[in-house]
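Coordinates from coords01.txt are shown below (compact mmCIF, C-alpha atoms and all ligand atoms).
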```
# COMPACT_ATOMS: atom_id res chain seq x y z
CA MET A 1 28.50 22.79 -29.73
CA ARG A 2 28.90 24.99 -26.65
CA GLN A 3 28.94 22.63 -23.68
CA GLN A 4 29.74 22.49 -19.95
CA THR A 5 31.83 19.91 -18.11
CA LEU A 6 32.85 19.30 -14.50
CA ALA A 7 36.54 19.30 -13.61
CA ILE A 8 38.20 18.60 -10.27
CA ILE A 9 41.76 19.56 -9.44
CA LYS A 10 42.52 16.59 -7.20
CA PRO A 11 44.15 16.61 -3.73
CA ASP A 12 47.68 15.80 -4.93
CA ALA A 13 47.71 18.77 -7.30
CA VAL A 14 46.24 21.17 -4.73
CA GLN A 15 48.73 19.98 -2.13
CA ARG A 16 51.68 20.46 -4.50
CA GLY A 17 50.70 24.03 -5.39
CA LEU A 18 49.58 23.29 -8.96
CA VAL A 19 46.16 24.98 -8.91
CA GLY A 20 47.40 28.12 -10.63
CA ALA A 21 49.27 26.27 -13.37
CA ILE A 22 46.29 24.03 -14.13
CA LEU A 23 43.79 26.91 -14.16
CA GLN A 24 46.08 28.86 -16.49
CA ARG A 25 46.32 25.90 -18.86
CA LEU A 26 42.54 25.45 -18.86
CA GLU A 27 41.98 29.12 -19.70
CA GLU A 28 44.65 28.99 -22.41
CA GLU A 29 42.79 26.02 -23.90
CA GLY A 30 39.73 28.25 -24.32
CA PHE A 31 37.66 27.10 -21.37
CA ARG A 32 35.59 29.74 -19.58
CA ILE A 33 35.36 29.17 -15.84
CA ARG A 34 31.62 29.32 -15.14
CA ALA A 35 31.86 28.31 -11.46
CA LEU A 36 34.67 27.41 -9.05
CA LYS A 37 35.05 26.41 -5.42
CA MET A 38 37.39 24.63 -3.05
CA VAL A 39 35.91 21.81 -0.96
CA HIS A 40 37.28 19.08 1.29
CA LEU A 41 35.14 16.03 0.55
CA THR A 42 34.18 13.59 3.27
CA LYS A 43 34.60 9.94 2.38
CA ALA A 44 30.82 9.61 2.12
CA GLN A 45 30.68 12.53 -0.33
CA ALA A 46 33.51 11.05 -2.43
CA GLU A 47 31.65 7.72 -2.48
CA ALA A 48 28.48 9.42 -3.69
CA PHE A 49 30.37 11.24 -6.45
CA TYR A 50 32.20 8.10 -7.66
CA ILE A 51 29.22 5.77 -7.18
CA VAL A 52 29.63 4.28 -10.69
CA HIS A 53 33.05 2.91 -9.68
CA ARG A 54 31.90 1.18 -6.47
CA GLU A 55 32.71 -2.32 -7.79
CA ARG A 56 36.19 -1.40 -9.08
CA PRO A 57 39.20 -2.79 -7.17
CA PHE A 58 40.73 0.63 -6.66
CA TYR A 59 37.56 2.12 -5.12
CA ASP A 60 38.53 2.15 -1.42
CA SER A 61 41.94 3.63 -2.09
CA LEU A 62 40.43 6.24 -4.43
CA MET A 63 37.91 7.28 -1.74
CA THR A 64 40.68 7.69 0.85
CA TYR A 65 42.72 9.74 -1.60
CA MET A 66 39.86 11.96 -2.79
CA SER A 67 38.94 12.79 0.81
CA SER A 68 42.58 13.31 1.90
CA GLY A 69 42.65 17.08 1.31
CA PRO A 70 40.90 19.96 -0.41
CA VAL A 71 40.05 19.86 -4.10
CA VAL A 72 39.10 22.64 -6.51
CA VAL A 73 35.87 21.98 -8.39
CA LEU A 74 35.08 23.79 -11.64
CA VAL A 75 32.35 24.13 -14.22
CA LEU A 76 34.14 24.72 -17.53
CA GLU A 77 32.53 25.84 -20.76
CA ARG A 78 33.69 25.88 -24.38
CA ASP A 79 32.90 24.19 -27.69
CA ASP A 80 32.96 20.40 -27.27
CA ALA A 81 34.01 20.90 -23.62
CA ILE A 82 33.57 17.30 -22.46
CA ASP A 83 35.71 15.56 -25.08
CA TYR A 84 38.14 18.45 -25.35
CA LEU A 85 38.87 18.42 -21.61
CA ARG A 86 39.48 14.66 -21.74
CA GLN A 87 42.08 15.29 -24.47
CA VAL A 88 43.78 18.06 -22.51
CA MET A 89 43.80 15.85 -19.37
CA GLY A 90 45.37 12.83 -21.10
CA ALA A 91 45.07 9.15 -20.24
CA THR A 92 44.17 8.02 -16.71
CA ASP A 93 47.74 6.80 -16.07
CA PRO A 94 50.08 9.82 -16.28
CA ALA A 95 52.89 7.55 -17.50
CA LYS A 96 50.76 6.65 -20.54
CA ALA A 97 49.31 10.11 -21.11
CA ALA A 98 50.40 12.02 -24.22
CA PRO A 99 53.17 14.61 -23.84
CA ASN A 100 52.05 18.00 -22.54
CA THR A 101 48.70 16.76 -21.24
CA ILE A 102 47.79 17.87 -17.71
CA ARG A 103 48.15 14.37 -16.28
CA ARG A 104 51.49 13.81 -18.01
CA LEU A 105 52.79 17.15 -16.74
CA TYR A 106 51.36 17.09 -13.22
CA GLY A 107 50.11 13.59 -12.30
CA THR A 108 52.03 11.34 -9.91
CA ASN A 109 50.54 7.90 -10.65
CA ILE A 110 47.37 6.25 -11.95
CA GLU A 111 45.47 7.22 -8.79
CA ARG A 112 47.05 10.59 -8.05
CA ASN A 113 46.55 11.93 -11.54
CA ALA A 114 45.94 15.62 -10.81
CA ILE A 115 42.57 16.18 -12.52
CA HIS A 116 39.11 14.73 -13.08
CA GLY A 117 36.87 15.51 -16.04
CA SER A 118 33.37 14.29 -16.88
CA ASP A 119 33.59 11.47 -19.45
CA SER A 120 30.22 11.93 -21.22
CA PRO A 121 27.20 14.27 -21.36
CA GLU A 122 25.42 11.87 -18.98
CA SER A 123 28.31 12.12 -16.47
CA ALA A 124 28.42 15.91 -16.75
CA ALA A 125 24.65 16.07 -16.13
CA PHE A 126 25.19 14.15 -12.88
CA GLU A 127 28.47 15.74 -11.80
CA ILE A 128 27.77 19.48 -12.35
CA PRO A 129 24.64 19.56 -10.11
CA PHE A 130 26.44 17.36 -7.59
CA PHE A 131 28.59 20.38 -6.71
CA PHE A 132 26.87 23.49 -8.07
CA SER A 133 23.36 24.87 -8.01
CA ARG A 134 21.93 26.53 -11.10
CA TRP A 135 22.19 29.80 -9.17
CA GLU A 136 25.92 29.41 -8.49
CA ILE A 137 26.63 28.85 -12.17
CA PHE A 138 24.34 31.69 -13.23
CA GLN A 139 25.65 34.34 -10.83
CA SER A 140 29.30 33.62 -11.59
CA SER A 141 28.81 34.25 -15.27
CA GLY A 142 26.43 37.20 -15.30
CA ALA A 143 24.67 35.61 -18.26
CA PRO A 144 21.70 33.30 -18.45
CA LEU A 145 22.28 29.57 -18.86
N1 LIG B 201 41.99 5.01 -10.72
C1 LIG B 201 42.86 4.28 -9.96
N2 LIG B 201 43.35 3.09 -10.47
C2 LIG B 201 42.96 2.62 -11.69
C3 LIG B 201 42.07 3.36 -12.45
C4 LIG B 201 41.59 4.57 -11.95
O1 LIG B 201 43.22 4.67 -8.86
O2 LIG B 201 43.43 1.54 -12.09
C5 LIG B 201 41.47 6.29 -10.19
C6 LIG B 201 42.06 7.52 -10.88
O3 LIG B 201 42.20 8.56 -9.93
C7 LIG B 201 40.99 7.83 -11.91
C8 LIG B 201 39.72 7.51 -11.11
O4 LIG B 201 40.06 6.35 -10.37
O5 LIG B 201 41.06 9.17 -12.35
C9 LIG B 201 38.49 7.22 -11.95
O6 LIG B 201 38.81 6.18 -12.86
P1 LIG B 201 38.36 6.25 -14.39
O7 LIG B 201 38.56 4.89 -14.98
O8 LIG B 201 37.01 6.87 -14.48
O9 LIG B 201 39.46 7.23 -15.03
P2 LIG B 201 39.33 8.72 -15.59
O10 LIG B 201 37.96 8.87 -16.20
O11 LIG B 201 39.53 9.65 -14.41
O12 LIG B 201 40.43 8.85 -16.59
MG MG B 202 36.08 8.50 -15.38
```
Write out the structure in this file as structure tokens.
Ligand code: UDP
Ligand code: MG
Amino acid sequence: MRQQTLAIIKPDAVQRGLVGAILQRLEEEGFRIRALKMVHLTKAQAEAFYIVHRERPFYDSLMTYMSSGPVVVLVLERDDAIDYLRQVMGATDPAKAAPNTIRRLYGTNIERNAIHGSDSPESAAFEIPFFFSRWEIFQSSGAPL
């Protein structure tokens, strides 16, 4: 099923000049980029995005990290986009991620793991409109949603 998911190239990957390599990999994996922008999140914006994790022990550190520099936010589309992106990303901890996954190739540690991807249709339905209006997705594709 054709589906959209939300990806974020995280501050460590942007800072280390890995945006191009990650975008190339995503396109090679068959994702169409339906919308893209660079933003520098405030801590309050990062907290709102990661609200489901607010009770987790790593939350404060994650908020500091996610607001530490610009990120690249993407709406990606392909068949089975949500689960497929999670496979291409690899496990949360880059050291445990399968060979050749984006996190294994480009992540630094369990926090600085290069990329975010929506983990379910419910997450994608929250995360895509968090960053992009219907108009932004529509005009970047030239085709109706
Ligand atoms: N994270 C962390 N320490 C942990 C687990 C997660 O710093 O022990 C960070 C990491 O950046 C991760 C994000 O919190 O990507 C969200 O965690 P989640 O469990 O949702 O992992 P993901 O869905 O990104 O694989
Ligand atoms: Mg998650």
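By chain and then residue number, the residues within 10 Å of Phe130 of chain A are Leu6, Gln45, Ala48, Phe49 and Ala124 of chain A, counting all atoms listed in the file and disregarding those fewer than 6 positions away in sequence.
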Closest-contact table, chain A side, partner ligand LIG 201 (chain B), 7 Å, counting all atoms listed in the file, as CSV:
```
residue,atom,partner,partner_atom,distance
A:Phe58,CA,B:LIG201,O1,5.2
A:Ser61,CA,B:LIG201,O1,7.0
A:Leu62,CA,B:LIG201,O1,5.5
A:Ala91,CA,B:LIG201,O12,5.9
A:Thr92,CA,B:LIG201,O12,3.8
A:Ile110,CA,B:LIG201,C1,5.3
A:Glu111,CA,B:LIG201,O1,3.4
A:Arg112,CA,B:LIG201,O3,5.6
A:Asn113,CA,B:LIG201,O3,5.7
A:His116,CA,B:LIG201,O11,5.3
A:Gly117,CA,B:LIG201,O11,6.6
A:Asp119,CA,B:LIG201,O10,6.0
```
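Candidate residues A:Ala125, A:Met66, A:Leu26, A:Pro57 were compared for distance to Lys43 of chain A, and the nearest is A:Met66, using all atoms listed in the file.
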Using only C-alpha atoms and all ligand atoms for the distances, tell me which of A:Ala7, A:Val14, A:Val75, A:Ala44 is nearest to ligand MG 202 (chain B).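 Of A:Ala7, A:Val14, A:Val75, A:Ala44, the one nearest ligand MG 202 (chain B), counting only C-alpha atoms and all ligand atoms, is A:Ala7.
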What's the separation between atom CA of Ile8 of chain A and atom CA of Val71 of chain A, in Å to one decimal place?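 These atoms are spaced 6.6 Å apart.
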Would you mind reading off the distance between atom CA of Glu77 of chain A and atom CA of Asp12 of chain A, one decimal, in Å?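 Atom CA of Glu77 of chain A sits 24.1 Å away from atom CA of Asp12 of chain A.
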Kindly give the distance, in Å, that separates atom CA of Thr108 of chain A and atom CA of Lys10 of chain A, rounded to a single decimal. 11.2 Å
Find the residues with any atom within 12 Å of (51.2, 13.1, -20.1); use all atoms listed in the file and the coordinates as given in the file, and write the answer as a PDB file with C-alpha atoms, in the frame of the given file.
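Generated output (point-v7.pdb):
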```
ATOM      1  CA  ARG A  86      39.480  14.660 -21.740  1.00  0.00           C
ATOM      2  CA  GLN A  87      42.080  15.290 -24.470  1.00  0.00           C
ATOM      3  CA  VAL A  88      43.780  18.060 -22.510  1.00  0.00           C
ATOM      4  CA  MET A  89      43.800  15.850 -19.370  1.00  0.00           C
ATOM      5  CA  GLY A  90      45.370  12.830 -21.100  1.00  0.00           C
ATOM      6  CA  ALA A  91      45.070   9.150 -20.240  1.00  0.00           C
ATOM      7  CA  THR A  92      44.170   8.020 -16.710  1.00  0.00           C
ATOM      8  CA  ASP A  93      47.740   6.800 -16.070  1.00  0.00           C
ATOM      9  CA  PRO A  94      50.080   9.820 -16.280  1.00  0.00           C
ATOM     10  CA  ALA A  95      52.890   7.550 -17.500  1.00  0.00           C
ATOM     11  CA  LYS A  96      50.760   6.650 -20.540  1.00  0.00           C
ATOM     12  CA  ALA A  97      49.310  10.110 -21.110  1.00  0.00           C
ATOM     13  CA  ALA A  98      50.400  12.020 -24.220  1.00  0.00           C
ATOM     14  CA  PRO A  99      53.170  14.610 -23.840  1.00  0.00           C
ATOM     15  CA  ASN A 100      52.050  18.000 -22.540  1.00  0.00           C
ATOM     16  CA  THR A 101      48.700  16.760 -21.240  1.00  0.00           C
ATOM     17  CA  ILE A 102      47.790  17.870 -17.710  1.00  0.00           C
ATOM     18  CA  ARG A 103      48.150  14.370 -16.280  1.00  0.00           C
ATOM     19  CA  ARG A 104      51.490  13.810 -18.010  1.00  0.00           C
ATOM     20  CA  LEU A 105      52.790  17.150 -16.740  1.00  0.00           C
ATOM     21  CA  TYR A 106      51.360  17.090 -13.220  1.00  0.00           C
ATOM     22  CA  GLY A 107      50.110  13.590 -12.300  1.00  0.00           C
ATOM     23  CA  THR A 108      52.030  11.340  -9.910  1.00  0.00           C
ATOM     24  CA  ASN A 109      50.540   7.900 -10.650  1.00  0.00           C
ATOM     25  CA  ILE A 110      47.370   6.250 -11.950  1.00  0.00           C
ATOM     26  CA  ASN A 113      46.550  11.930 -11.540  1.00  0.00           C
ATOM     27  CA  ALA A 114      45.940  15.620 -10.810  1.00  0.00           C
ATOM     28  CA  ILE A 115      42.570  16.180 -12.520  1.00  0.00           C
TER      29      ILE A 115
END
```
How would you write as a PyMOL selection string the residues that get within 12 Å of (30.9, 23.2, -17.9) in the file's frame, counting all atoms listed in the file? chain A and resi 2-8+26+31-36+73-85+117-118+120-121+123-129+131-132+134+137-138+141+145
Quick one: segment 22-33 of chain A with all heavy atoms, as a PDB file, in the frame of the given file?
```pdb
ATOM      1  N   ILE A  22      47.363  24.779 -13.443  1.00  0.00           N
ATOM      2  CA  ILE A  22      46.290  24.030 -14.130  1.00  0.00           C
ATOM      3  C   ILE A  22      45.189  24.969 -14.584  1.00  0.00           C
ATOM      4  O   ILE A  22      44.695  24.872 -15.717  1.00  0.00           O
ATOM      5  CB  ILE A  22      45.779  22.890 -13.226  1.00  0.00           C
ATOM      6  CG1 ILE A  22      46.886  21.829 -13.064  1.00  0.00           C
ATOM      7  CG2 ILE A  22      44.512  22.259 -13.806  1.00  0.00           C
ATOM      8  CD1 ILE A  22      46.584  20.727 -12.057  1.00  0.00           C
ATOM      9  N   LEU A  23      44.814  25.936 -13.740  1.00  0.00           N
ATOM     10  CA  LEU A  23      43.790  26.910 -14.160  1.00  0.00           C
ATOM     11  C   LEU A  23      44.276  27.708 -15.368  1.00  0.00           C
ATOM     12  O   LEU A  23      43.515  27.955 -16.313  1.00  0.00           O
ATOM     13  CB  LEU A  23      43.435  27.857 -13.016  1.00  0.00           C
ATOM     14  CG  LEU A  23      42.671  27.256 -11.832  1.00  0.00           C
ATOM     15  CD1 LEU A  23      42.420  28.342 -10.781  1.00  0.00           C
ATOM     16  CD2 LEU A  23      41.341  26.645 -12.271  1.00  0.00           C
ATOM     17  N   GLN A  24      45.539  28.103 -15.360  1.00  0.00           N
ATOM     18  CA  GLN A  24      46.080  28.860 -16.490  1.00  0.00           C
ATOM     19  C   GLN A  24      45.996  28.033 -17.772  1.00  0.00           C
ATOM     20  O   GLN A  24      45.571  28.524 -18.827  1.00  0.00           O
ATOM     21  CB  GLN A  24      47.532  29.263 -16.215  1.00  0.00           C
ATOM     22  CG  GLN A  24      48.138  30.021 -17.393  1.00  0.00           C
ATOM     23  CD  GLN A  24      49.430  30.733 -17.043  1.00  0.00           C
ATOM     24  OE1 GLN A  24      49.970  30.572 -15.948  1.00  0.00           O
ATOM     25  NE2 GLN A  24      49.918  31.505 -17.974  1.00  0.00           N
ATOM     26  N   ARG A  25      46.391  26.776 -17.672  1.00  0.00           N
ATOM     27  CA  ARG A  25      46.320  25.900 -18.860  1.00  0.00           C
ATOM     28  C   ARG A  25      44.884  25.779 -19.371  1.00  0.00           C
ATOM     29  O   ARG A  25      44.637  25.865 -20.583  1.00  0.00           O
ATOM     30  CB  ARG A  25      46.875  24.521 -18.488  1.00  0.00           C
ATOM     31  CG  ARG A  25      46.702  23.473 -19.563  1.00  0.00           C
ATOM     32  CD  ARG A  25      47.557  23.799 -20.803  1.00  0.00           C
ATOM     33  NE  ARG A  25      47.334  22.793 -21.835  1.00  0.00           N
ATOM     34  CZ  ARG A  25      48.016  21.648 -21.904  1.00  0.00           C
ATOM     35  NH1 ARG A  25      48.972  21.382 -21.026  1.00  0.00           N
ATOM     36  NH2 ARG A  25      47.758  20.786 -22.859  1.00  0.00           N
ATOM     37  N   LEU A  26      43.937  25.604 -18.444  1.00  0.00           N
ATOM     38  CA  LEU A  26      42.540  25.450 -18.860  1.00  0.00           C
ATOM     39  C   LEU A  26      42.042  26.718 -19.563  1.00  0.00           C
ATOM     40  O   LEU A  26      41.372  26.645 -20.599  1.00  0.00           O
ATOM     41  CB  LEU A  26      41.667  25.103 -17.650  1.00  0.00           C
ATOM     42  CG  LEU A  26      41.946  23.714 -17.044  1.00  0.00           C
ATOM     43  CD1 LEU A  26      41.216  23.561 -15.710  1.00  0.00           C
ATOM     44  CD2 LEU A  26      41.547  22.593 -17.998  1.00  0.00           C
ATOM     45  N   GLU A  27      42.403  27.877 -19.042  1.00  0.00           N
ATOM     46  CA  GLU A  27      41.980  29.120 -19.700  1.00  0.00           C
ATOM     47  C   GLU A  27      42.676  29.277 -21.054  1.00  0.00           C
ATOM     48  O   GLU A  27      42.055  29.698 -22.036  1.00  0.00           O
ATOM     49  CB  GLU A  27      42.278  30.323 -18.795  1.00  0.00           C
ATOM     50  CG  GLU A  27      41.366  30.347 -17.573  1.00  0.00           C
ATOM     51  CD  GLU A  27      41.399  31.662 -16.823  1.00  0.00           C
ATOM     52  OE1 GLU A  27      42.483  32.256 -16.676  1.00  0.00           O
ATOM     53  OE2 GLU A  27      40.335  32.098 -16.360  1.00  0.00           O
ATOM     54  N   GLU A  28      43.941  28.912 -21.122  1.00  0.00           N
ATOM     55  CA  GLU A  28      44.650  28.990 -22.410  1.00  0.00           C
ATOM     56  C   GLU A  28      44.034  28.057 -23.444  1.00  0.00           C
ATOM     57  O   GLU A  28      44.113  28.315 -24.650  1.00  0.00           O
ATOM     58  CB  GLU A  28      46.131  28.622 -22.215  1.00  0.00           C
ATOM     59  CG  GLU A  28      46.933  29.728 -21.578  1.00  0.00           C
ATOM     60  CD  GLU A  28      48.329  29.280 -21.138  1.00  0.00           C
ATOM     61  OE1 GLU A  28      48.683  28.098 -21.344  1.00  0.00           O
ATOM     62  OE2 GLU A  28      49.051  30.116 -20.564  1.00  0.00           O
ATOM     63  N   GLU A  29      43.433  26.979 -22.990  1.00  0.00           N
ATOM     64  CA  GLU A  29      42.790  26.020 -23.900  1.00  0.00           C
ATOM     65  C   GLU A  29      41.392  26.487 -24.320  1.00  0.00           C
ATOM     66  O   GLU A  29      40.681  25.769 -25.015  1.00  0.00           O
ATOM     67  CB  GLU A  29      42.694  24.642 -23.243  1.00  0.00           C
ATOM     68  CG  GLU A  29      44.044  23.981 -23.002  1.00  0.00           C
ATOM     69  CD  GLU A  29      44.709  23.461 -24.270  1.00  0.00           C
ATOM     70  OE1 GLU A  29      44.085  23.504 -25.343  1.00  0.00           O
ATOM     71  OE2 GLU A  29      45.867  23.009 -24.166  1.00  0.00           O
ATOM     72  N   GLY A  30      40.995  27.671 -23.863  1.00  0.00           N
ATOM     73  CA  GLY A  30      39.730  28.250 -24.320  1.00  0.00           C
ATOM     74  C   GLY A  30      38.533  27.951 -23.444  1.00  0.00           C
ATOM     75  O   GLY A  30      37.404  28.282 -23.800  1.00  0.00           O
ATOM     76  N   PHE A  31      38.770  27.328 -22.286  1.00  0.00           N
ATOM     77  CA  PHE A  31      37.660  27.100 -21.370  1.00  0.00           C
ATOM     78  C   PHE A  31      37.335  28.391 -20.616  1.00  0.00           C
ATOM     79  O   PHE A  31      38.237  29.076 -20.139  1.00  0.00           O
ATOM     80  CB  PHE A  31      38.011  26.025 -20.331  1.00  0.00           C
ATOM     81  CG  PHE A  31      38.096  24.636 -20.895  1.00  0.00           C
ATOM     82  CD1 PHE A  31      39.329  24.054 -21.157  1.00  0.00           C
ATOM     83  CD2 PHE A  31      36.952  23.909 -21.166  1.00  0.00           C
ATOM     84  CE1 PHE A  31      39.415  22.768 -21.676  1.00  0.00           C
ATOM     85  CE2 PHE A  31      37.030  22.622 -21.681  1.00  0.00           C
ATOM     86  CZ  PHE A  31      38.263  22.050 -21.938  1.00  0.00           C
ATOM     87  N   ARG A  32      36.046  28.698 -20.491  1.00  0.00           N
ATOM     88  CA  ARG A  32      35.590  29.740 -19.580  1.00  0.00           C
ATOM     89  C   ARG A  32      35.257  29.080 -18.256  1.00  0.00           C
ATOM     90  O   ARG A  32      34.600  28.033 -18.233  1.00  0.00           O
ATOM     91  CB  ARG A  32      34.322  30.426 -20.117  1.00  0.00           C
ATOM     92  CG  ARG A  32      34.449  30.993 -21.519  1.00  0.00           C
ATOM     93  CD  ARG A  32      35.467  32.086 -21.638  1.00  0.00           C
ATOM     94  NE  ARG A  32      35.248  33.169 -20.676  1.00  0.00           N
ATOM     95  CZ  ARG A  32      35.957  34.291 -20.647  1.00  0.00           C
ATOM     96  NH1 ARG A  32      36.940  34.478 -21.517  1.00  0.00           N
ATOM     97  NH2 ARG A  32      35.703  35.219 -19.758  1.00  0.00           N
ATOM     98  N   ILE A  33      35.709  29.686 -17.167  1.00  0.00           N
ATOM     99  CA  ILE A  33      35.360  29.170 -15.840  1.00  0.00           C
ATOM    100  C   ILE A  33      33.993  29.739 -15.468  1.00  0.00           C
ATOM    101  O   ILE A  33      33.848  30.940 -15.252  1.00  0.00           O
ATOM    102  CB  ILE A  33      36.433  29.560 -14.808  1.00  0.00           C
ATOM    103  CG1 ILE A  33      37.777  28.925 -15.193  1.00  0.00           C
ATOM    104  CG2 ILE A  33      36.002  29.106 -13.398  1.00  0.00           C
ATOM    105  CD1 ILE A  33      38.959  29.397 -14.345  1.00  0.00           C
TER     106      ILE A  33
END
```
